[in-house]
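For reference, the structure discussed in these notes is given below.
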Amino acid sequence: MKQRMRNLLVLLIVPFMLISTVGINPAAANDKLGIHVDGAILIDADTGKILYEENADTPLGIASMTKMMTEYLLFEAIAEGKITWEQEYKVNEYTYAISQDGRLSNVPLRADGTYTIKELYEALAIYSANAATIAIAETIAGTETAFLKLMNEKAEELGLEGYKFVNSTGLNNEDLQGMHPAGTGEKDENVMPAKSVAKLAYHLIHDYPEVLETTKINTKWFREGTDDATKMDNWNFMLPGFVYEYEGVDGLKTGTTNFAGYTFTGTAKRNGKRLIAVVMKAVDADGNGSYKARFEATRALFDYGFGQFSEVELVPAGYEFEEQKTIDVNKGKNDSVKIAVKDSVTMMVKTSEKDLYKPELVIDESKLTDGKLEAPVKKGTVVGHINMVRTEGTDYGFIDSNQYAGEVVATETVEKAGWFKLSMRATGSFFVSIWDSTTGFVKGLFS
């Protein structure tokens, strides 16, 4: 009797255990990773290919992840010669007051002090120092209000969507002691969807990779050797030597406010491949936000990306499309030109799913006239591009909607035909049209 009862219990309990296990398995259906976030995304930093996303298009609070935009504009201003790293900033009433607020992440600035842009930048990138960030914004644009205009213009240029900037730091305007930028609400805060945050990080790393030389620093002293010396421990606790250390992490920016919760844009590189992960308003299983929650959610994303994806060649260089191997050419020595994929197409995909991707040819219609290329056509001329289409399941596409997998080019040169050959063609076409007309007339008589 007891044995029968045990068997019955096993029959009841085992299915429940299996269901529970599947529920927390990262490889479960729909790729849901079981992370507790309001929004998340994971991308291949080299190509912008989206590997995973979860509520990535909903605008959410971004807190100090805002500072990535300030960093972008700083590097741009340096590159354009508008300011220099050695240039000095003189503290004003606004930046002094904010720097003395012990509730905020800051390095202390003296009321009569001057600081180089380089040391202010390091305080921003390593310690998320808010007054230092405002000082950089004022140096670039004159005022933080004017800097907001630059932030919005750059956001539009980069193709960010769903964003709203109200200051340069990511603080709630309520923390700016009544000195928030003109035209913004006294309790406003910056927002952006996870996808746009990832796109901002993607462009920052691509355009100014030197940012990682600073964001990878785990500890540095501000004004070392002076009375104002401040130890700056990086808020990115996934860096080497910190409690949530993760192999390959070297950036990028944390963010925390009551509104935004615990957010993080992290990047890591392993075996030559770099990933970018964004988590927004991360909480633990009990619904409580914490440093641990955001870094564990990021770890889950990185583990998923590095563990299940690999770079695979999907299409070789020189690949020709069976349905269209040529494009017609107008006024050329030849009537058509051969086309093929320029370079091999490699993409980060799940190793087990590489056969689910098929190449799709997209001809650039703007280069055609009445469906033809105009001679002369040089070898290597770009005539279109290739998309990789997933035949089943979900494909998240690229971080930039206009990105594609590779270019399609002419594989030979077609010179423009001489006047004699063009004349003979025109004459031949004329007689062919007369013959067709005559044939049609005769057929009409006897029909």
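Each chain in the structure tokens gets a letter, A, B, ..., in the order shown, and its residues are numbered from 1; ligands are numbered from 1 in order too.
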
Please report as a tab-separated table every residue of stretch 196-279 of chain A lying within 7 Å of stretch 52-71 of chain A, along with the nearest atom pair and their distance in Å (one decimal), using only C-alpha atoms.
residue	atom	partner	partner_atom	distance
A:Ala201	CA	A:Met68	CA	6.9
A:Lys253	CA	A:Met65	CA	5.5
A:Thr254	CA	A:Met65	CA	5.8
A:Gly255	CA	A:Ser64	CA	4.1
A:Thr256	CA	A:Ala63	CA	5.5
A:Thr257	CA	A:Ala63	CA	5.9
A:Phe259	CA	A:Gly61	CA	6.3
A:Ala260	CA	A:Gly61	CA	4.1
A:Thr263	CA	A:Ile62	CA	6.8

Going by DSSP on the backbone, which residues of stretch 339-393 of chain A come out as strand (DSSP E or B)? List them as a VMD selection string.
chain A and resid 339 to 341 345 to 350 357 to 363 369 372 to 374 377 382 to 390

Of the candidates A:Thr95, A:Thr215, A:Ser366, A:Asn258, which one gets nearest to A:Asn172 if we count only C-alpha atoms?
A:Asn258

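Taking atom CA of A:Phe398 and atom CA of A:Glu153 as endpoints, the distance between them is 22.3 Å.
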
Could you work out how far atom CA of A:Val191 lies from atom CA of A:Gly289, giving the answer in Å with one decimal?
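These two atoms are separated by 18.2 Å.
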
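Atom pair atom CA of A:Trp235 / atom CA of A:Thr219: separated by 9.6 Å.
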